[in-house]
Amino acid sequence: MIVRKRQNALALLFALQGSVLPRIFPQVLCAGMFGLMVAAVHSSHFANVAQYTTSPFTLLGIALSLFLGFRNNAAYDRWWEARKQWGRMVYEVRSLVRVSEALLGATHPERRELLVWLSAFGHALRGGLRERDVRDEVAAVLGEARAANALAAQNPADYCLREAGRSLGRCFEAGCIDGQGLRILDERLTGLAEVQAASERICRTPLPYAYTLLVHRTAYLYCYLLPFGLVGSMGWFTPLFTAIVAYTFFGLDALAEELEQPFGETANALSLDAICRTVDISIAEALDEPVPEPLAPVDHILL
Amino acid sequence: MIVRKRQNALALLFALQGSVLPRIFPQVLCAGMFGLMVAAVHSSHFANVAQYTTSPFTLLGIALSLFLGFRNNAAYDRWWEARKQWGRMVYEVRSLVRVSEALLGATHPERRELLVWLSAFGHALRGGLRERDVRDEVAAVLGEARAANALAAQNPADYCLREAGRSLGRCFEAGCIDGQGLRILDERLTGLAEVQAASERICRTPLPYAYTLLVHRTAYLYCYLLPFGLVGSMGWFTPLFTAIVAYTFFGLDALAEELEQPFGETANALSLDAICRTVDISIAEALDEPVPEPLAPVDHILL
Amino acid sequence: MIVRKRQNALALLFALQGSVLPRIFPQVLCAGMFGLMVAAVHSSHFANVAQYTTSPFTLLGIALSLFLGFRNNAAYDRWWEARKQWGRMVYEVRSLVRVSEALLGATHPERRELLVWLSAFGHALRGGLRERDVRDEVAAVLGEARAANALAAQNPADYCLREAGRSLGRCFEAGCIDGQGLRILDERLTGLAEVQAASERICRTPLPYAYTLLVHRTAYLYCYLLPFGLVGSMGWFTPLFTAIVAYTFFGLDALAEELEQPFGETANALSLDAICRTVDISIAEALDEPVPEPLAPVDHILL
Amino acid sequence: MIVRKRQNALALLFALQGSVLPRIFPQVLCAGMFGLMVAAVHSSHFANVAQYTTSPFTLLGIALSLFLGFRNNAAYDRWWEARKQWGRMVYEVRSLVRVSEALLGATHPERRELLVWLSAFGHALRGGLRERDVRDEVAAVLGEARAANALAAQNPADYCLREAGRSLGRCFEAGCIDGQGLRILDERLTGLAEVQAASERICRTPLPYAYTLLVHRTAYLYCYLLPFGLVGSMGWFTPLFTAIVAYTFFGLDALAEELEQPFGETANALSLDAICRTVDISIAEALDEPVPEPLAPVDHILL
Amino acid sequence: MIVRKRQNALALLFALQGSVLPRIFPQVLCAGMFGLMVAAVHSSHFANVAQYTTSPFTLLGIALSLFLGFRNNAAYDRWWEARKQWGRMVYEVRSLVRVSEALLGATHPERRELLVWLSAFGHALRGGLRERDVRDEVAAVLGEARAANALAAQNPADYCLREAGRSLGRCFEAGCIDGQGLRILDERLTGLAEVQAASERICRTPLPYAYTLLVHRTAYLYCYLLPFGLVGSMGWFTPLFTAIVAYTFFGLDALAEELEQPFGETANALSLDAICRTVDISIAEALDEPVPEPLAPVDHILL
């Protein structure tokens with residue numbers, strides 16, 4: 001995630017970081033070059049270039065904007081829902097920290113156990129979503145042996161949650177908490193299971209592939225036919241305009257594609273590492289252990 | 001559901017799998033041929049073809065885009081809500097696995113009973129939504145006799161849930177759980193009943209039929225009148241443009257129709273089989289039984 | 001609700017059932033005739049017809065599409081929310097069936113009482129929303145005397161729910177259920193009260209009347225001014241185009257008006273009868289009584 | 001709230017009640033007169049009127065429709081959310097009526113106390129939102145002395161809810177209900193607190209003022225520049241068209257402004273009085289007191 | 001937040017307060033000056049100015065309106081969600097006031113403790129979101145020493161909530177409340193934790209930076225190319241029109257940027273101070289302490 005103060009208007013015009021421009025530059029250039037070619041042939045009178053009026057493009061532009069707008073909304077909704085779920089992780093853990101102290105006392109050994117598994121849960125879920133090795137982070141809280149067990153499971157995050165549930169089960173059996181207490185604590189775990197299921201849903205269920213195809217193809221057809229529509233009235237300015245239109249349409253396409261997968265490690269993805277750290281801080285404070293520093297953005301990017 | 005890595009721009013342009021193009025190809029071809037006919041008659045001067053300007057089409061295009069955009073949003077919302085409900089099934093089952101261990105102990109016979117019925121519930125619901133025979137899958141977890149009973153019920157999924165509730169009732173009567181425990185476990189079953197009701201709602205309540213008619217008719221009228229609007233300014237390019245516009249409008253129409261029924265077995269439908277397998281894995285792990293493999297996409301398609 | 005298999009493209013073009021066309025045919029015809037008149041006067045040169053260009057209509061078309069699109073979304077949201085609430089009724093009743101068996105046992109007389117009132121609740125609510133006499137259905141489950149009492153109340157559906165609550169109160173007083181059990185069962189009744197309140201809200205609070213006026217008037221103004229904009233460039237095709245545009249705008253207007261009241265008995269309204277039957281089936285199965293058949297669509301229409 | 005049967009198309013065209021037309025008539029007239037002036041000057045050739053083409057207006061029209069559409073959606077969402085919250089009040093009170101009978105018995109004196117405070121809560125909240133004196137209604141249920149106390153509080157509605165909570169506290173202390181019962185009843189009060197907070201939020205937090213300004217100014221600029229764009233092609237019809245466009249844009253603006261404050265007493269505001277009466281009926285039936293009549297619309301308006 | 005009575009149409013046209021006009025005036029002026037320059041060069045015939053037709057701008061305008069509309073919706077949703085969360089804070093605190101009296105009695109010392117921490121929670125959260133020093137307000141309720149401790153924590157708001165939880169823990173241990181009571185009270189604290197997490201999410205997760213770039217750049221390109229499209233048909237009116245278009249597009253851009261951060265202290269930001277005061281009033285009334293005045297808007301602005 002890119003975090004930076006609002007810049008002035010000029011700086012914004014030329015910022016590159018986080019922009020989709022570098023990614024779509026080749027495509028925009030191609031479209032512009034094609035526009036240049038059309039303009040050159042048109043101006044040379046060497047060949048008779050088909051000149052359309054622009055009005056059919058308005059028709060097509062409505063359809064294209066329909067697709068792009070829809071896809072963009074859907075992608076942003078996924079991104080924002082993912083952020084909400086990870087925000088929920090923070091308050092579920094904080095609530096568990098708070099209420100477990102009231103129910104079990106601050107120093108109950110099972111409370112430590114419970115919270116340690118939650119910290120591991122965050123890292124395991126993050127590891128799964130980002131397809132990254134989180135052995136070190138998990139081992140730091142669980143110890144090597146248990147971390148290896150957890151990460152060897154089919155679904156490590158679910159394993160951590162089950163272990164946290166077992167910790168509750170032991171408290172219940174030992175009479176430290178009654179049914180009511182079990183319910184209070186288990187509701188938080190169910191909340192975390194919901195976070196996990198929602199994250200996996202967003203991560204593993206892309207937008208229907210047919211949308212990607214429809215949007216992509218319409219945008220290409222549009223941008224490569226456009227020069228024929230413009231060349232009659234705009235002459236040598238055709239490539240410039242074609243490139244600008246291509247920039248807006250390809251840019252929105254690329255951005256939607258990036259937001260569709262909010263758990264990646266691109267510049268516009270969510271800062272899962274920082275959220276896991278927030279969770280770790282809450283847990284460390286609760287256990288009176290040395291509190292780690294919150295993650296700071298590196299070069300304006302918070303991972 | 002189609003699962004594949006992002007392809008490069010060129011590959012996307014020519015991908016066929018998951019595309020709606022094969023389905024709408026005849027309609028697009030027809031529209032294009034009609035455009036060709038109009039252009040031919042126009043160019044032959046043999047007959048006096050009515051030439052409209054394109055501006056009335058802009059008016060109609062606004063209305064059509066209104067219909068298509070609305071219908072597309074509604075269809076996608078159904079698809080995504082269906083996916084959310086099935087994601088909820090996953091976390092409700094996982095939570096039941098976790099909390100039943102805390103309440104009853106890992107090896108309580110009624111816990112096995114309970115979880116087995118949940119596995120059957122998933123398959124029975126899937127079978128009902130996809131109108132597919134799931135006798136084998138249900139029999140594998142319930143045994144032949146009970147599976148036959150379950151599938152003979154008016155609503156097999158509801159039957160499984162009721163049997164799971166009976167298992168809870170026996171625990172409650174035997175004193176293994178108190179009212180609080182019953183409540184904790186029953187809330188999960190209520191969640192599953194909600195998943196079922198929502199799935200049946202989406203499956204059995206199509207979008208109002210009048211929308212389908214209005215969209216379909218307007219799209220046809222539009223695409224078959226368009227050549228008259230284009231032929232004056234675009235001549236022999238009329239068929240090409242008509243086909244492109246028909247592709248975008250018919251394509252979105254066909255896609256919305258496909259997403260409207262997210263439980264089908266088309267390429268863009270949800271992967272119910274894979275989700276049921278995820279549920280089975282969680283249950284098998286909980287019961288210390290051999291854990292099945294997660295379903296892998298076959299030819300990029302995950303059913 | 002119209003339930004039919006997807007038809008082929010041609011059949012869709014000429015389907016009448018469920019279409020709004022019959023309802024708006026007079027209005028579309030009028031607009032077309034007016035267009036014809038304008039074209040005739042224009043062509044006769046007898047009188048000097050004002051010819052506008054079409055561009056001002058684009059401006060107005062944007063505003064009109066804004067109104068129609070908004071109203072359509074709002075109407076569909078009401079329709080879908082109503083369907084969700086009635087789907088909720090199904091799972092609340094099923095959950096009550098399930099958990100009352102666990103808490104009270106399958107054959108407890110108060111359980112029968114409770115479920116019978118719920119069946120009556122569904123019919124009473126449906127009767128109120130559809131302004132239809134449901135004495136027979138209610139009497140079938142409650143007996144004549146109690147049905148007469150229930151239907152004589154200010155709000156029969158609320159009366160049934162209160163009686164169901166009284167049944168719970170008797171169980172509570174007799175010690176068959178404790179506070180926890182009362183809570184589990186009462187939560188379901190609260191859910192049903194929510195279904196009722198939401199249904200009454202949708203039924204009794206139409207969209208603000210001013211929207212209806214604004215949309216209606218703008219659509220009329222638009223369609224009756226349009227011929228003057230078209231006649232210059234389209235001549236004798238003016239009536240055709242005017243009729244098509246009138247069809248799309250009046251059609252969406254009529255459809256939105258129909259969906260705004262999802263509890264009616266029109267072809268696009270919700271199938272409340274069928275949902276009540278689903279509830280009755282669940283209850284009959286629970287009480288081991290003869291199970292009625294699910295309602296089947298008659299002539300593709302499910303009431 | 002305006003409640004009337006669907007009228008025929010002609011009646012709708014000329015209905016005045018509930019229409020925003022009377023409110024915006026002066027503004028529409030002004031715009032039309034300005035258009036007439038432009039047309040007159042143009043036709044007299046006395047002065048050289050700037051004639052634009054209409055195409056720049058399409059650009060501006062897109063932006064304006066963006067603002068108006070957004071604002072309209074936001075205003076309607078507020079209106080509908082307010083209606084949902086007041087519908088929630090109905091079912092929370094009905095549920096409280098139902099479950100308090102099960103827990104306390106129908107004739108427990110504290111039950112009467114509790115319900116009486118809820119009735120007062122509804123009137124006090126309505127009074128606060130509508131800035132109306134509700135002393136009579138509150139005194140009718142609470143008696144003069146207690147009503148004076150309640151209405152003298154900083155927040156009378158909150159005061160009533162607190163008193164209802166005190167009634168619960170007395171029951172709890174006297175052992176009439178246990179913790180579970182307190183929880184069941186208090187959940188309903190929390191729901192009512194939510195209704196109150198949401199109503200106050202909608203009432204006291206207008207849409208950001210800058211939107212009002214931006215929409216208002218753009219609409220004015222648009223309508224007063226439009227005659228220059230139309231006069232070239234439409235001549236003496238310029239004032240007519242300008243007035244129609246002004247009617248649609250100013251009309252939507254005025255309607256959005258009215259819906260933004262759904263608790264007012266305008267024709268399109270919510271019928272808070274009728275909802276309070278519904279609540280009173282439920283409570284009177286529960287207490288076996290004379291049941292008041294439901295409020296009927298006066299001259300099609302339900303306050 | 002700006003709170004003022006609806007002004008008449010003329011006053012609205014010239015209001016400055018809360019308007020984004022002052023902020024974007026330089027940009028609008030620049031665009032207008034550039035338009036003037038283009039018009040001057042064009043009219044002087046000194047140089048051959050490229051004249052485009054306006055139709056390509058319609059294409060680009062569709063894309064730009066897509067971006068601006070989307071961004072505006074997203075920003076407003078954040079603003080309104082933030083307001084909802086702070087409204088939730090009000091009813092969670094009021095409910096805690098109410099139910100803690102029922103459970104603990106009005107004068108229990110831990111009740112005072114609990115409520116005092118909640119008041120501190122509101123101020124600490126506000127301080128964190130607005131990056132403002134709230135030592136005085138927190139010290140007023142907690143005393144200097146405890147306030148210093150609270151504000152020295154990594155996350156002061158979370159610290160206050162944890163301390164409130166400890167207060168509940170002491171009540172639970174002392175037997176003043178049982179598990180059920182703990183649950184009732186803790187649910188409210190969990191609600192407040194949710195408010196905090198949501199506020200921090202909105203505050204710390206800006207809209208993806210790439211949107212800001214894409215919108216900003218497209219708007220600039222558009223407004224600086226527009227004069228070339230207008231100059232042919234509009235001559236010396238080009239700068240006026242360019243400035244108007246720039247005002248609408250830059251204005252919406254600036255407004256969206258302002259609403260994106262609803263916790264700031266700009267004129268359109270939320271009135272956090274006033275909400276905290278509302279909370280303080282509820283708590284003071286509950287503790288029978290001198291009740292502070294509600295905050296009144298200063299110069300129409302409520303902070």
# chains A, B, ... in the order shown; residues from 1 in each chain; ligands from 1
call {"tool": "residues_around", "arguments": {"residues": "Glu260 of chain D", "least_positions_apart": "2", "cutoff": "10 Å", "atoms": "only C-alpha atoms", "output": "compact mmCIF listing (two decimals) with N, CA and C atoms, in the first residue's frame"}}
result
# COMPACT_ATOMS: atom_id res chain seq x y z
N ARG D 71 -25.95 12.50 -5.91
CA ARG D 71 -26.63 13.13 -4.79
C ARG D 71 -27.99 12.49 -4.56
N ASN D 72 -28.67 12.19 -5.67
CA ASN D 72 -29.97 11.57 -5.58
C ASN D 72 -29.89 10.20 -4.90
N ASN D 73 -28.91 9.39 -5.31
CA ASN D 73 -28.74 8.08 -4.68
C ASN D 73 -28.49 8.22 -3.20
N ALA D 74 -27.60 9.15 -2.85
CA ALA D 74 -27.25 9.31 -1.44
C ALA D 74 -28.47 9.75 -0.64
N ALA D 75 -29.27 10.67 -1.20
CA ALA D 75 -30.45 11.16 -0.48
C ALA D 75 -31.47 10.05 -0.31
N TYR D 76 -31.69 9.27 -1.37
CA TYR D 76 -32.65 8.19 -1.27
C TYR D 76 -32.19 7.12 -0.27
N ASP D 77 -30.89 6.84 -0.26
CA ASP D 77 -30.36 5.87 0.71
C ASP D 77 -30.63 6.32 2.14
N ARG D 78 -30.48 7.61 2.37
CA ARG D 78 -30.77 8.13 3.72
C ARG D 78 -32.25 7.92 4.05
N TRP D 79 -33.10 8.25 3.08
CA TRP D 79 -34.54 8.14 3.28
C TRP D 79 -34.93 6.69 3.59
N ILE D 202 -28.89 10.55 10.84
CA ILE D 202 -29.44 11.00 9.56
C ILE D 202 -29.96 12.42 9.67
N CYS D 203 -30.59 12.73 10.81
CA CYS D 203 -31.21 14.04 10.98
C CYS D 203 -30.16 15.14 11.11
N THR D 205 -26.68 14.96 10.43
CA THR D 205 -25.53 15.01 9.54
C THR D 205 -26.03 15.15 8.12
N PRO D 206 -26.14 16.38 7.62
CA PRO D 206 -26.57 16.54 6.23
C PRO D 206 -25.49 16.02 5.29
N LEU D 207 -25.86 15.86 4.04
CA LEU D 207 -24.85 15.57 3.03
C LEU D 207 -23.82 16.70 3.07
N ALA D 254 -34.31 19.47 -6.28
CA ALA D 254 -35.25 19.78 -5.20
C ALA D 254 -35.72 18.50 -4.51
N LEU D 255 -35.92 17.45 -5.29
CA LEU D 255 -36.38 16.20 -4.70
C LEU D 255 -35.32 15.60 -3.78
N ALA D 256 -34.06 15.63 -4.26
CA ALA D 256 -32.98 15.09 -3.45
C ALA D 256 -32.87 15.87 -2.14
N GLU D 257 -33.05 17.18 -2.25
CA GLU D 257 -32.96 18.00 -1.04
C GLU D 257 -34.07 17.63 -0.05
N GLU D 258 -35.25 17.29 -0.61
CA GLU D 258 -36.37 16.95 0.27
C GLU D 258 -36.15 15.59 0.94
N PRO D 262 -35.44 12.99 5.79
CA PRO D 262 -36.67 12.17 5.72
C PRO D 262 -37.59 12.35 6.90
N PHE D 263 -37.15 13.08 7.93
CA PHE D 263 -37.99 13.17 9.13
C PHE D 263 -38.83 14.43 9.16
N GLY D 264 -38.80 15.21 8.08
CA GLY D 264 -39.58 16.44 8.06
C GLY D 264 -41.07 16.17 7.96
N ALA D 269 -41.93 13.11 3.03
CA ALA D 269 -41.23 12.64 4.22
C ALA D 269 -41.88 11.35 4.74
call {"tool": "closest_atom_pairs", "arguments": {"of": "chain C", "to": "chain B", "cutoff": "6 Å", "atoms": "only C-alpha atoms", "output": "CSV"}}
result
residue,atom,partner,partner_atom,distance
C:Leu13,CA,B:Arg217,CA,5.8
C:Gly18,CA,B:Ala210,CA,5.7
C:Ser19,CA,B:Ala210,CA,5.0
C:Gly87,CA,B:Ala197,CA,5.9
C:Tyr91,CA,B:Ala193,CA,5.7
C:Ser95,CA,B:Thr190,CA,5.9
C:Arg98,CA,B:Arg162,CA,5.5
C:Ala102,CA,B:Gly169,CA,3.8
C:Gln180,CA,B:Gly179,CA,5.8
C:Met234,CA,B:Tyr52,CA,5.7
C:Asn268,CA,B:Pro208,CA,5.8
call {"tool": "select_by_dssp", "arguments": {"residues": "segment 16-138 of chain A", "states": "alpha helix (DSSP H)", "output": "ChimeraX atom specification"}}
result
/A:21-44,55-104,109-130,135-138
call {"tool": "closest_residue", "arguments": {"among": "C:Cys223, C:Val141, C:Leu115, C:Ala152", "to": "Val245 of chain C", "atoms": "only C-alpha atoms"}}
result
C:Cys223
call {"tool": "residues_around", "arguments": {"residues": "Arg126 of chain C", "least_positions_apart": "3", "cutoff": "9 Å", "atoms": "only C-alpha atoms", "output": "list in words"}}
result
Phe121, Gly122, His123, Leu129, Arg130, Glu131, Arg132, Val134, Ala157, Phe263, Leu272, Asp273 and Cys276 of chain C
call {"tool": "write_last_selection", "arguments": {"atoms": "N, CA and C atoms", "output": "PDB file, in the first residue's frame"}}
result
ATOM      1  N   PHE C 121     -48.947 -18.057  10.869  1.00  0.00           N
ATOM      2  CA  PHE C 121     -48.268 -16.775  10.693  1.00  0.00           C
ATOM      3  C   PHE C 121     -47.958 -16.515   9.223  1.00  0.00           C
ATOM      4  N   GLY C 122     -47.400 -17.526   8.569  1.00  0.00           N
ATOM      5  CA  GLY C 122     -47.071 -17.361   7.157  1.00  0.00           C
ATOM      6  C   GLY C 122     -48.288 -17.003   6.331  1.00  0.00           C
ATOM      7  N   HIS C 123     -49.378 -17.761   6.556  1.00  0.00           N
ATOM      8  CA  HIS C 123     -50.571 -17.499   5.751  1.00  0.00           C
ATOM      9  C   HIS C 123     -51.174 -16.138   6.081  1.00  0.00           C
ATOM     10  N   LEU C 129     -50.498  -9.050   3.051  1.00  0.00           N
ATOM     11  CA  LEU C 129     -49.730  -8.375   2.000  1.00  0.00           C
ATOM     12  C   LEU C 129     -50.465  -8.398   0.669  1.00  0.00           C
ATOM     13  N   ARG C 130     -51.178  -9.514   0.430  1.00  0.00           N
ATOM     14  CA  ARG C 130     -51.860  -9.639  -0.860  1.00  0.00           C
ATOM     15  C   ARG C 130     -53.322  -9.228  -0.783  1.00  0.00           C
ATOM     16  N   GLU C 131     -53.758  -8.777   0.407  1.00  0.00           N
ATOM     17  CA  GLU C 131     -55.155  -8.414   0.609  1.00  0.00           C
ATOM     18  C   GLU C 131     -56.070  -9.514   0.090  1.00  0.00           C
ATOM     19  N   ARG C 132     -55.787 -10.715   0.553  1.00  0.00           N
ATOM     20  CA  ARG C 132     -56.544 -11.850   0.103  1.00  0.00           C
ATOM     21  C   ARG C 132     -57.108 -12.576   1.321  1.00  0.00           C
ATOM     22  N   VAL C 134     -57.533 -15.522   3.609  1.00  0.00           N
ATOM     23  CA  VAL C 134     -56.791 -16.759   3.860  1.00  0.00           C
ATOM     24  C   VAL C 134     -57.451 -17.576   4.962  1.00  0.00           C
ATOM     25  N   ALA C 157     -50.982 -11.432  11.567  1.00  0.00           N
ATOM     26  CA  ALA C 157     -49.678 -12.090  11.604  1.00  0.00           C
ATOM     27  C   ALA C 157     -49.017 -11.873  12.960  1.00  0.00           C
ATOM     28  N   PHE C 263     -45.237  -7.895  -3.680  1.00  0.00           N
ATOM     29  CA  PHE C 263     -46.152  -8.844  -3.036  1.00  0.00           C
ATOM     30  C   PHE C 263     -47.471  -8.995  -3.784  1.00  0.00           C
ATOM     31  N   LEU C 272     -45.289 -15.935  -3.163  1.00  0.00           N
ATOM     32  CA  LEU C 272     -45.548 -16.097  -1.718  1.00  0.00           C
ATOM     33  C   LEU C 272     -46.286 -17.391  -1.418  1.00  0.00           C
ATOM     34  N   ASP C 273     -47.229 -17.768  -2.288  1.00  0.00           N
ATOM     35  CA  ASP C 273     -47.975 -18.999  -2.041  1.00  0.00           C
ATOM     36  C   ASP C 273     -47.041 -20.197  -1.980  1.00  0.00           C
ATOM     37  N   CYS C 276     -45.030 -20.181   1.266  1.00  0.00           N
ATOM     38  CA  CYS C 276     -45.848 -20.631   2.387  1.00  0.00           C
ATOM     39  C   CYS C 276     -45.995 -22.155   2.355  1.00  0.00           C
TER      40      CYS C 276
END
call {"tool": "decode", "arguments": {"residues": "segment 22-89 of chain A", "atoms": "C-alpha atoms", "output": "PDB file, in the first residue's frame"}}
result
ATOM      1  CA  PRO A  22       4.969   1.743 -16.341  1.00  0.00           C
ATOM      2  CA  ARG A  23       2.988  -1.472 -16.707  1.00  0.00           C
ATOM      3  CA  ILE A  24       0.810  -0.284 -19.553  1.00  0.00           C
ATOM      4  CA  PHE A  25       3.410   1.878 -21.261  1.00  0.00           C
ATOM      5  CA  PRO A  26       4.149  -0.652 -24.034  1.00  0.00           C
ATOM      6  CA  GLN A  27       0.487  -1.040 -24.858  1.00  0.00           C
ATOM      7  CA  VAL A  28      -0.107   2.719 -24.878  1.00  0.00           C
ATOM      8  CA  LEU A  29       2.944   3.206 -27.060  1.00  0.00           C
ATOM      9  CA  CYS A  30       1.752   0.555 -29.499  1.00  0.00           C
ATOM     10  CA  ALA A  31      -1.651   2.188 -29.808  1.00  0.00           C
ATOM     11  CA  GLY A  32       0.004   5.577 -30.322  1.00  0.00           C
ATOM     12  CA  MET A  33       2.353   4.190 -32.971  1.00  0.00           C
ATOM     13  CA  PHE A  34      -0.556   2.614 -34.759  1.00  0.00           C
ATOM     14  CA  GLY A  35      -2.310   5.979 -34.677  1.00  0.00           C
ATOM     15  CA  LEU A  36       0.835   7.586 -36.127  1.00  0.00           C
ATOM     16  CA  MET A  37       0.892   5.024 -38.916  1.00  0.00           C
ATOM     17  CA  VAL A  38      -2.716   5.665 -39.777  1.00  0.00           C
ATOM     18  CA  ALA A  39      -2.103   9.428 -39.790  1.00  0.00           C
ATOM     19  CA  ALA A  40       0.981   9.027 -41.989  1.00  0.00           C
ATOM     20  CA  VAL A  41      -0.789   6.888 -44.562  1.00  0.00           C
ATOM     21  CA  HIS A  42      -3.736   9.237 -44.491  1.00  0.00           C
ATOM     22  CA  SER A  43      -1.596  12.323 -45.020  1.00  0.00           C
ATOM     23  CA  SER A  44       0.550  10.764 -47.740  1.00  0.00           C
ATOM     24  CA  HIS A  45      -2.481  10.181 -49.906  1.00  0.00           C
ATOM     25  CA  PHE A  46      -0.535   7.149 -50.951  1.00  0.00           C
ATOM     26  CA  ALA A  47      -3.331   4.900 -49.862  1.00  0.00           C
ATOM     27  CA  ASN A  48      -6.970   5.528 -49.286  1.00  0.00           C
ATOM     28  CA  VAL A  49      -7.482   5.196 -45.548  1.00  0.00           C
ATOM     29  CA  ALA A  50     -10.955   4.367 -44.366  1.00  0.00           C
ATOM     30  CA  GLN A  51     -12.240   7.366 -42.469  1.00  0.00           C
ATOM     31  CA  TYR A  52     -15.095   6.781 -40.136  1.00  0.00           C
ATOM     32  CA  THR A  53     -16.876   9.485 -38.308  1.00  0.00           C
ATOM     33  CA  THR A  54     -16.465   9.346 -34.551  1.00  0.00           C
ATOM     34  CA  SER A  55     -20.118   8.807 -33.787  1.00  0.00           C
ATOM     35  CA  PRO A  56     -20.011   4.975 -33.927  1.00  0.00           C
ATOM     36  CA  PHE A  57     -17.227   5.177 -31.365  1.00  0.00           C
ATOM     37  CA  THR A  58     -19.540   6.911 -28.969  1.00  0.00           C
ATOM     38  CA  LEU A  59     -21.836   3.889 -29.183  1.00  0.00           C
ATOM     39  CA  LEU A  60     -18.985   1.501 -28.551  1.00  0.00           C
ATOM     40  CA  GLY A  61     -17.547   3.783 -25.891  1.00  0.00           C
ATOM     41  CA  ILE A  62     -20.762   3.513 -23.910  1.00  0.00           C
ATOM     42  CA  ALA A  63     -20.532  -0.273 -23.931  1.00  0.00           C
ATOM     43  CA  LEU A  64     -16.852  -0.238 -23.061  1.00  0.00           C
ATOM     44  CA  SER A  65     -17.331   2.193 -20.213  1.00  0.00           C
ATOM     45  CA  LEU A  66     -20.096  -0.072 -18.967  1.00  0.00           C
ATOM     46  CA  PHE A  67     -17.724  -3.037 -18.807  1.00  0.00           C
ATOM     47  CA  LEU A  68     -14.790  -1.119 -17.371  1.00  0.00           C
ATOM     48  CA  GLY A  69     -16.898   0.656 -14.792  1.00  0.00           C
ATOM     49  CA  PHE A  70     -18.518  -2.526 -13.637  1.00  0.00           C
ATOM     50  CA  ARG A  71     -15.248  -4.415 -13.435  1.00  0.00           C
ATOM     51  CA  ASN A  72     -13.587  -1.568 -11.603  1.00  0.00           C
ATOM     52  CA  ASN A  73     -16.362  -1.408  -9.010  1.00  0.00           C
ATOM     53  CA  ALA A  74     -16.245  -5.147  -8.479  1.00  0.00           C
ATOM     54  CA  ALA A  75     -12.467  -5.142  -8.091  1.00  0.00           C
ATOM     55  CA  TYR A  76     -12.510  -2.258  -5.639  1.00  0.00           C
ATOM     56  CA  ASP A  77     -15.259  -3.930  -3.626  1.00  0.00           C
ATOM     57  CA  ARG A  78     -13.081  -7.007  -3.292  1.00  0.00           C
ATOM     58  CA  TRP A  79     -10.135  -4.896  -2.214  1.00  0.00           C
ATOM     59  CA  TRP A  80     -12.135  -2.992   0.355  1.00  0.00           C
ATOM     60  CA  GLU A  81     -13.895  -6.082   1.682  1.00  0.00           C
ATOM     61  CA  ALA A  82     -10.504  -7.713   2.112  1.00  0.00           C
ATOM     62  CA  ARG A  83      -9.348  -4.673   4.073  1.00  0.00           C
ATOM     63  CA  LYS A  84     -12.457  -4.802   6.246  1.00  0.00           C
ATOM     64  CA  GLN A  85     -11.872  -8.446   7.027  1.00  0.00           C
ATOM     65  CA  TRP A  86      -8.302  -7.791   8.062  1.00  0.00           C
ATOM     66  CA  GLY A  87      -9.468  -4.865  10.159  1.00  0.00           C
ATOM     67  CA  ARG A  88     -11.853  -7.280  11.765  1.00  0.00           C
ATOM     68  CA  MET A  89      -8.940  -9.528  12.615  1.00  0.00           C
TER      69      MET A  89
END
